[in-house]
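Undergrad: So that you have it, the file is entry.txt, and it contains compact mmCIF, C-alpha atoms:
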```txt
# COMPACT_ATOMS: atom_id res chain seq x y z
CA MET A 25 116.42 130.50 93.17
CA GLU A 26 116.70 133.43 95.56
CA LYS A 27 116.63 132.78 99.27
CA LYS A 28 113.83 135.31 99.65
CA LYS A 29 111.66 133.28 97.29
CA ILE A 30 112.43 130.02 99.13
CA THR A 31 111.55 131.69 102.43
CA GLU A 32 108.28 132.87 100.93
CA ILE A 33 107.40 129.37 99.70
CA VAL A 34 108.30 127.65 102.98
CA THR A 35 106.50 130.21 105.13
CA SER A 36 103.39 130.10 102.98
CA THR A 37 103.37 126.27 103.04
CA VAL A 38 103.63 126.18 106.84
CA CYS A 39 100.97 128.90 107.15
CA SER A 40 98.62 126.88 104.91
CA LEU A 41 99.08 123.91 107.21
CA VAL A 42 98.44 126.02 110.30
CA GLU A 43 95.19 127.25 108.75
CA THR A 44 93.92 123.67 108.68
CA LEU A 45 94.58 123.14 112.41
CA PRO A 46 91.80 123.47 115.00
CA ALA A 47 91.55 126.98 116.52
CA GLU A 48 93.22 125.97 119.79
CA GLN A 49 96.25 124.55 117.94
CA LYS A 50 96.87 127.48 115.61
CA PHE A 51 100.06 129.50 116.12
CA ILE A 52 101.94 132.38 114.55
CA VAL A 53 104.56 131.29 112.05
CA ASP A 54 107.93 133.05 112.06
CA GLN A 55 111.49 132.25 111.07
CA ASN A 56 112.13 130.50 114.40
CA THR A 57 109.13 128.19 114.22
CA ILE A 58 110.32 124.72 115.18
CA LEU A 59 108.99 122.04 112.85
CA PHE A 60 110.19 118.89 114.59
CA GLY A 61 111.25 117.75 118.04
CA THR A 62 111.10 119.55 121.35
CA GLY A 63 109.22 122.80 121.08
CA SER A 64 107.46 121.89 117.85
CA LYS A 65 103.84 122.90 117.71
CA ILE A 66 102.95 120.47 114.92
CA ASP A 67 102.67 116.70 114.99
CA SER A 68 104.65 114.34 112.80
CA LEU A 69 101.84 113.89 110.28
CA SER A 70 101.61 117.65 109.81
CA LEU A 71 105.33 117.77 109.21
CA VAL A 72 104.93 115.02 106.60
CA SER A 73 102.27 117.15 104.90
CA ILE A 74 104.58 120.17 104.83
CA ILE A 75 107.40 118.09 103.35
CA VAL A 76 105.13 116.60 100.67
CA ASP A 77 103.72 120.04 99.84
CA LEU A 78 107.17 121.60 99.55
CA GLU A 79 108.59 118.80 97.41
CA GLY A 80 105.47 119.07 95.23
CA VAL A 81 105.64 122.86 94.81
CA PHE A 82 109.34 122.89 93.96
CA SER A 83 108.86 120.07 91.46
CA SER A 84 105.64 121.15 89.76
CA ASP A 85 105.99 124.96 89.89
CA TYR A 86 109.73 125.37 89.51
CA GLY A 87 110.93 122.09 87.96
CA ILE A 88 113.32 121.50 90.86
CA ASP A 89 113.30 118.00 92.34
CA ILE A 90 114.31 118.03 95.99
CA SER A 91 114.13 115.35 98.65
CA LEU A 92 113.80 116.65 102.18
CA THR A 93 113.83 113.27 103.87
CA ASP A 94 116.75 111.39 102.37
CA ASP A 95 119.70 110.19 104.46
CA ARG A 96 121.55 113.42 103.89
CA ALA A 97 118.80 115.49 105.48
CA MET A 98 118.45 113.08 108.37
CA MET A 99 122.18 112.76 109.09
CA ARG A 100 122.90 116.48 109.36
CA LYS A 101 124.11 117.73 112.72
CA LYS A 102 121.68 120.62 112.49
CA SER A 103 118.32 119.25 111.43
CA PRO A 104 116.65 121.10 108.54
CA PHE A 105 113.50 120.97 110.64
CA ASP A 106 114.93 122.84 113.65
CA SER A 107 113.40 126.04 112.34
CA ILE A 108 112.03 127.61 109.19
CA THR A 109 115.39 129.34 108.73
CA ALA A 110 117.20 125.99 108.87
CA LEU A 111 114.78 124.50 106.35
CA VAL A 112 115.19 127.44 103.99
CA ASP A 113 118.99 127.12 104.23
CA TYR A 114 118.79 123.42 103.45
CA ILE A 115 116.46 123.91 100.49
CA GLU A 116 118.70 126.67 99.16
CA GLU A 117 121.63 124.25 99.33
CA LEU A 118 119.62 121.64 97.40
CA THR A 119 118.40 124.08 94.76
CA LEU A 120 121.94 125.34 94.14
CA GLU A 121 123.01 121.76 93.45
CA ASN A 122 120.00 120.99 91.25
CA MET B 1 77.09 106.53 90.55
CA TYR B 2 80.70 107.66 90.19
CA LYS B 3 80.07 110.94 88.39
CA ASP B 4 82.93 113.42 88.98
CA LYS B 5 85.05 110.70 90.53
CA ILE B 6 88.53 110.02 89.22
CA VAL B 7 89.55 106.39 89.55
CA LEU B 8 93.09 105.15 89.07
CA ILE B 9 93.46 101.48 88.21
CA THR B 10 96.72 99.61 87.76
CA GLY B 11 96.88 96.73 85.32
CA SER B 12 93.98 98.21 83.38
CA SER B 13 94.77 96.55 80.07
CA ARG B 14 93.42 93.12 80.83
CA GLY B 15 91.67 90.81 83.25
CA ILE B 16 90.11 92.26 86.39
CA GLY B 17 91.76 95.63 85.79
CA SER B 18 90.12 96.00 82.41
CA GLU B 19 86.74 94.79 83.70
CA THR B 20 86.94 97.21 86.63
CA ALA B 21 87.95 100.11 84.40
CA ASN B 22 85.00 99.45 82.09
CA TYR B 23 82.67 99.18 85.08
CA PHE B 24 83.70 102.57 86.46
CA LEU B 25 83.51 104.14 82.99
CA LYS B 26 80.01 102.76 82.57
CA ASN B 27 79.14 104.43 85.89
CA ASN B 28 80.35 107.84 84.70
CA ALA B 29 83.77 107.94 86.37
CA VAL B 30 86.92 109.24 84.75
CA VAL B 31 89.46 106.41 84.73
CA ILE B 32 93.23 106.70 84.74
CA GLY B 33 94.70 103.39 83.63
CA LEU B 34 98.24 102.35 84.35
CA SER B 35 99.77 99.40 82.56
CA LYS B 36 102.57 98.34 80.31
CA GLY B 37 101.88 98.86 76.64
CA VAL B 38 99.16 100.58 74.69
CA PRO B 39 95.64 101.40 75.92
CA ALA B 40 93.12 98.62 75.43
CA ILE B 41 90.08 100.76 76.24
CA GLY B 42 88.60 103.27 73.83
CA ASN B 43 86.54 105.78 75.82
CA VAL B 44 86.85 109.56 76.10
CA ASN B 45 86.87 109.28 79.87
CA TYR B 46 89.71 106.75 79.85
CA HIS B 47 93.24 108.11 80.16
CA HIS B 48 96.06 105.67 79.74
CA PHE B 49 99.56 106.01 81.13
CA SER B 50 101.99 103.42 79.87
CA VAL B 51 104.30 102.36 82.69
CA ASP B 52 106.31 99.33 83.67
CA LEU B 53 105.23 98.84 87.28
CA ALA B 54 108.30 96.68 87.89
CA LYS B 55 110.37 99.87 87.64
CA PRO B 56 109.91 102.15 90.68
CA GLU B 57 111.45 105.21 89.00
CA GLU B 58 108.94 104.91 86.14
CA ILE B 59 106.07 104.96 88.62
CA ILE B 60 107.31 108.17 90.26
CA LYS B 61 107.81 109.78 86.85
CA THR B 62 104.33 108.72 85.72
CA PHE B 63 102.73 110.32 88.77
CA LYS B 64 104.48 113.61 88.04
CA ASN B 65 102.84 113.42 84.64
CA ILE B 66 99.46 112.46 86.13
CA ALA B 67 99.64 115.43 88.53
CA LYS B 68 100.05 117.76 85.56
CA HIS B 69 96.79 116.52 84.05
CA PHE B 70 94.65 115.75 87.10
CA LYS B 71 94.17 117.84 90.21
CA LYS B 72 92.75 114.97 92.24
CA ILE B 73 92.34 111.22 92.47
CA ASP B 74 89.35 109.81 94.39
CA ILE B 75 89.73 106.06 94.15
CA VAL B 76 92.75 103.82 93.59
CA ILE B 77 92.50 100.16 92.69
CA ASN B 78 95.86 98.47 93.09
CA ASN B 79 95.12 95.56 90.81
CA ALA B 80 98.24 94.88 88.75
CA ALA B 81 100.14 91.74 89.65
CA VAL B 82 102.49 89.23 88.14
CA LEU B 83 102.62 85.62 89.19
CA THR B 84 105.19 82.92 88.68
CA SER B 85 104.02 79.79 90.38
CA GLN B 86 107.15 77.79 91.03
CA TYR B 87 108.89 75.97 93.86
CA SER B 88 111.11 78.41 95.77
CA MET B 89 114.29 76.47 95.11
CA ILE B 90 113.97 76.83 91.36
CA MET B 91 112.26 80.21 91.09
CA PRO B 92 114.21 82.33 88.56
CA LEU B 93 115.66 85.43 90.22
CA LYS B 94 114.19 87.82 87.65
CA ASN B 95 110.68 86.49 88.21
CA ALA B 96 111.16 86.79 91.97
CA VAL B 97 112.32 90.40 91.70
CA ASP B 98 109.48 91.27 89.31
CA MET B 99 106.93 89.84 91.73
CA VAL B 100 108.26 91.89 94.64
CA ASN B 101 108.43 95.03 92.50
CA VAL B 102 105.00 94.75 90.88
CA ASP B 103 102.99 92.94 93.56
CA LEU B 104 104.34 94.80 96.60
CA LEU B 105 106.58 97.79 95.92
CA ALA B 106 104.37 99.21 93.13
CA VAL B 107 101.33 99.02 95.42
CA PHE B 108 103.24 101.02 98.01
CA LEU B 109 104.41 103.62 95.49
CA VAL B 110 101.09 103.98 93.66
CA SER B 111 99.27 104.40 97.00
CA ARG B 112 101.84 106.86 98.29
CA GLU B 113 101.87 109.03 95.19
CA SER B 114 98.06 108.92 94.89
CA VAL B 115 97.61 110.04 98.49
CA LYS B 116 99.61 113.17 97.73
CA LEU B 117 96.78 114.12 95.35
CA MET B 118 93.96 112.71 97.50
CA ARG B 119 94.85 114.56 100.68
CA LYS B 120 94.34 117.99 99.10
CA ASN B 121 90.75 116.98 98.55
CA GLN B 122 90.45 115.34 101.97
CA TYR B 123 88.91 112.26 100.40
CA GLY B 124 90.11 108.94 99.08
CA ARG B 125 89.55 105.24 98.74
CA ILE B 126 92.46 102.86 98.26
CA ILE B 127 91.57 99.27 97.41
CA ASN B 128 94.24 96.62 97.11
CA ILE B 129 93.46 93.47 95.17
CA SER B 130 94.95 90.60 97.11
CA SER B 131 94.56 86.86 96.87
CA MET B 132 93.29 83.75 98.57
CA ALA B 133 96.93 82.63 98.42
CA VAL B 134 97.56 84.66 101.59
CA SER B 135 95.27 82.38 103.55
CA LEU B 136 95.71 79.10 101.67
CA GLU B 137 99.51 79.38 101.31
CA PRO B 138 99.76 76.96 98.38
CA ALA B 139 103.12 75.32 97.59
CA GLY B 140 104.75 77.10 94.68
CA ASP B 141 103.35 80.50 95.59
CA SER B 142 105.71 81.45 98.40
CA LEU B 143 106.73 84.85 97.12
CA TYR B 144 103.37 85.66 95.51
CA ALA B 145 101.52 84.84 98.74
CA ALA B 146 104.08 86.79 100.78
CA CYS B 147 103.70 89.86 98.55
CA LYS B 148 99.92 89.64 98.73
CA ALA B 149 100.11 89.29 102.53
CA GLY B 150 102.35 92.34 102.36
CA ILE B 151 99.71 94.44 100.62
CA ASN B 152 97.09 93.39 103.17
CA THR B 153 99.38 94.76 105.87
CA LEU B 154 100.28 97.77 103.75
CA ALA B 155 96.60 98.74 103.58
CA ASN B 156 96.19 98.32 107.33
CA VAL B 157 99.17 100.52 108.18
CA MET B 158 98.33 103.12 105.54
CA ALA B 159 94.78 103.20 106.91
CA LYS B 160 96.25 104.60 110.13
CA GLU B 161 98.54 107.04 108.38
CA PHE B 162 95.88 108.42 106.04
CA ALA B 163 92.77 108.32 108.24
CA SER B 164 93.01 112.00 109.12
CA PHE B 165 92.77 112.83 105.42
CA ASN B 166 89.50 110.85 105.18
CA ILE B 167 91.27 108.27 103.06
CA THR B 168 90.35 104.63 103.64
CA CYS B 169 92.54 101.67 102.72
CA ASN B 170 91.07 98.20 102.32
CA THR B 171 91.86 94.89 100.70
CA LEU B 172 89.85 92.54 98.57
CA ALA B 173 91.37 89.06 98.52
CA ILE B 174 89.98 87.28 95.52
CA THR B 175 89.82 83.62 94.63
CA ALA B 176 90.81 82.38 91.19
CA TYR B 177 89.26 84.34 88.34
CA GLU B 178 89.40 83.43 84.67
CA THR B 179 92.11 85.80 83.42
CA ASP B 180 95.04 85.74 81.04
CA MET B 181 97.31 85.47 84.08
CA LEU B 182 95.56 82.29 85.12
CA LYS B 183 95.77 80.89 81.60
CA GLN B 184 99.54 81.40 81.63
CA HIS B 185 99.89 78.70 84.27
CA SER B 186 101.23 75.29 83.32
CA PRO B 187 98.65 72.48 82.94
CA GLU B 188 99.89 71.07 86.29
CA ALA B 189 99.35 74.41 88.01
CA GLN B 190 95.88 74.72 86.48
CA ILE B 191 94.98 71.30 87.91
CA LYS B 192 96.28 72.46 91.29
CA ILE B 193 94.10 75.58 91.13
CA LYS B 194 91.05 73.47 90.27
CA GLU B 195 91.77 71.27 93.30
CA ILE B 196 92.00 74.36 95.52
CA ILE B 197 88.73 75.71 94.14
CA LYS B 198 86.98 72.37 94.83
CA LYS B 199 87.91 72.70 98.51
CA LEU B 200 86.60 76.25 98.95
CA PRO B 201 83.41 76.67 101.00
CA ILE B 202 81.84 78.09 97.83
CA ALA B 203 83.45 75.77 95.34
CA ARG B 204 83.63 77.87 92.20
CA MET B 205 85.83 80.49 90.65
CA ALA B 206 85.14 84.17 91.30
CA GLU B 207 82.93 85.95 88.81
CA LYS B 208 83.19 89.54 87.70
CA ASP B 209 80.28 90.70 89.81
CA ASP B 210 81.63 89.02 92.97
CA ILE B 211 84.65 91.26 92.64
CA LEU B 212 82.87 94.45 91.58
CA ASN B 213 80.40 94.09 94.44
CA VAL B 214 83.15 94.39 97.06
CA ILE B 215 84.98 97.08 95.12
CA ASP B 216 81.74 99.08 95.07
CA PHE B 217 81.39 98.63 98.82
CA PHE B 218 84.90 99.83 99.58
CA ALA B 219 84.74 102.62 96.98
CA SER B 220 81.41 103.96 98.15
CA LYS B 221 81.22 107.37 99.79
CA ARG B 222 79.17 105.70 102.53
CA SER B 223 82.11 103.46 103.46
CA GLY B 224 84.08 106.26 105.10
CA TYR B 225 84.09 104.37 108.41
CA ILE B 226 85.36 101.14 106.82
CA THR B 227 89.14 100.98 106.75
CA ALA B 228 91.96 98.48 107.36
CA GLN B 229 89.67 95.60 106.42
CA THR B 230 90.32 92.56 104.27
CA VAL B 231 87.43 90.78 102.58
CA TYR B 232 88.09 87.29 101.25
CA LEU B 233 85.80 85.93 98.57
CA GLY B 234 84.36 82.44 98.37
CA GLY B 235 84.47 81.65 102.07
CA VAL B 236 88.26 81.80 102.42
CA ASN B 237 89.34 83.37 105.69
```
Translate the structure of the given file into structure tokens.
TA:
Amino acid sequence: MEKKKITEIVTSTVCSLVETLPAEQKFIVDQNTILFGTGSKIDSLSLVSIIVDLEGVFSSDYGIDISLTDDRAMMRKKSPFDSITALVDYIEELTLEN
Amino acid sequence: MYKDKIVLITGSSRGIGSETANYFLKNNAVVIGLSKGVPAIGNVNYHHFSVDLAKPEEIIKTFKNIAKHFKKIDIVINNAAVLTSQYSMIMPLKNAVDMVNVDLLAVFLVSRESVKLMRKNQYGRIINISSMAVSLEPAGDSLYAACKAGINTLANVMAKEFASFNITCNTLAITAYETDMLKQHSPEAQIKIKEIIKKLPIARMAEKDDILNVIDFFASKRSGYITAQTVYLGGVN
């Protein structure tokens, strides 16, 4: 799967989540949006929703089973949730292996 | 009463699961039944998925299949259970593992996978069927009682995790009910159960309507403010 497509899926998933947030919590999503930790504008439950949505979309729409929360994801020096770019890179890595 | 509702019931082939499935069907729900073996209910609104709940990978696979056919789930009844009543020191390992897998881990997985479908709809009711064994702690039921205590806690924690999706999680702890599972007990165990029943504040076995009454309460749309609760039948507490 092309990186451009992965970026599109991830960005659209995060944007969908942002749409559900109250007006005062909404923010503009870009490639540097931090998804977890210091500087993140979403809470942990919202991150869980994004992860579940992404795993679901890749599995049901593209037949690619990925796990974004296994030990491998958690043990990485650079967290896949540091930014949208980092998450896209990680998913690309997983899809290439799949 | 349950028109347009999709209800998923584990262990739908017999006992309480079968009775509950038929009850929801009678009240116009669509029922997804999960159990080992072939469907035991013939109804156009009944959809059976054959799965061995002792095998976690099978559960995950089954939910991928369910998601292809159903866009939502409204109500989940975690009913399936296996029981080997035996002193801990001589409990066969396979039976012990099966109990943990079916009575605890499957409840976790079925709830988790169902919530992935429920949250899109911002609505859900999860009802775990537990047991008086949690409170009475009868000898011979160490692992069964521990697993059932586990699902009480599971519902309470999940209630917190899923509250923002308008999903409630509650537990109905039943007393003995005349099922095939109960009949499988040895004559000694059946005598023990009768002795336990005699000592209950309401000294009789549970009847179908005792169970359905509480399921209705937890499953009702009006019960959106009722979560993380355990109801024991028959005066057990």
Undergrad: Got a sec to pull out which chain A residues are within 8 Å of chain B, counting all atoms listed in the file, and send them as a PyMOL selection string?
TA: chain A and resi 69+76+84
Undergrad: Considering all atoms listed in the file, state which residue in the set B:Ile226, B:Leu136, B:Leu117, B:Leu53 is at the smallest distance from B:Asn101.
TA: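 Counting all atoms listed in the file, the residue closest to B:Asn101 is B:Leu53.
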Undergrad: Can you measure atom CA of B:Glu19 to atom CA of B:Ala139 for me? One decimal in Å is fine.
TA: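 Between atom CA of B:Glu19 and atom CA of B:Ala139 the gap is 29.0 Å.
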Undergrad: Here's a test: counting all atoms listed in the file, identify every protein, DNA and RNA residue with an atom at most 12 Å from (107.7, 89.6, 89.5) in the file's coordinate frame, and state them as a short mmCIF file (atom, residue, chain, number, x, y, z; two decimals) with C-alpha atoms, in the frame of the given file.
TA:
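Result file follows (part.cif):
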```cif
data_model
loop_
_atom_site.label_atom_id
_atom_site.label_comp_id
_atom_site.auth_asym_id
_atom_site.auth_seq_id
_atom_site.Cartn_x
_atom_site.Cartn_y
_atom_site.Cartn_z
CA ASP B 52 106.31 99.33 83.67
CA LEU B 53 105.23 98.84 87.28
CA ALA B 54 108.30 96.68 87.89
CA LYS B 55 110.37 99.87 87.64
CA ALA B 80 98.24 94.88 88.75
CA ALA B 81 100.14 91.74 89.65
CA VAL B 82 102.49 89.23 88.14
CA LEU B 83 102.62 85.62 89.19
CA THR B 84 105.19 82.92 88.68
CA SER B 85 104.02 79.79 90.38
CA GLN B 86 107.15 77.79 91.03
CA MET B 91 112.26 80.21 91.09
CA PRO B 92 114.21 82.33 88.56
CA LEU B 93 115.66 85.43 90.22
CA LYS B 94 114.19 87.82 87.65
CA ASN B 95 110.68 86.49 88.21
CA ALA B 96 111.16 86.79 91.97
CA VAL B 97 112.32 90.40 91.70
CA ASP B 98 109.48 91.27 89.31
CA MET B 99 106.93 89.84 91.73
CA VAL B 100 108.26 91.89 94.64
CA ASN B 101 108.43 95.03 92.50
CA VAL B 102 105.00 94.75 90.88
CA ASP B 103 102.99 92.94 93.56
CA LEU B 104 104.34 94.80 96.60
CA LEU B 105 106.58 97.79 95.92
CA ALA B 106 104.37 99.21 93.13
CA ASP B 141 103.35 80.50 95.59
CA LEU B 143 106.73 84.85 97.12
CA TYR B 144 103.37 85.66 95.51
CA CYS B 147 103.70 89.86 98.55
#
```
Undergrad: Tell me, as a list in words, which residues lie within 12 Å of A:Tyr114, counting only C-alpha atoms; anything in the same chain fewer than 6 positions away does not count.
TA: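 The contact residues come out as Lys27, Ile30, Thr31, Val34, Ile90, Ser91, Leu92, Thr93, Arg96, Ala97, Met98, Arg100, Lys102, Ser103, Pro104, Phe105, Asp106, Ser107, Ile108, Leu120 and Glu121 of chain A.
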Undergrad: Given the choices A:Ile88, A:Ile115, A:Ala47, A:Leu41, which gets closest to A:Ile66 if the distance is worked out from only C-alpha atoms?
TA: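 Closest residue, counting only C-alpha atoms: A:Leu41.
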Undergrad: Report the distance between atom CA of B:Lys71 and atom CA of A:Gly80 in Å, rounded to one decimal place.
TA: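 For atom CA of B:Lys71 relative to atom CA of A:Gly80, the distance reads 12.4 Å.
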Undergrad: Find the residue from B:Ser111, B:Gln190, B:Thr168, B:Asn79 that sits nearest to B:Arg14; use only C-alpha atoms when measuring.
TA: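 Distance minimum relative to B:Arg14 lands on B:Asn79.
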Undergrad: From the set B:Thr227, B:Thr171, B:Ser220, B:Ser142, which residue has the shortest atom-to-atom contact distance to B:Phe24, counting all atoms listed in the file?
TA: B:Ser220
Undergrad: For a test of reading the model, state the distance in Å between atom CA of B:Met118 and atom CA of A:Asn122, rounded to one decimal.
TA: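 Taking atom CA of B:Met118 and atom CA of A:Asn122, their separation equals 28.0 Å.
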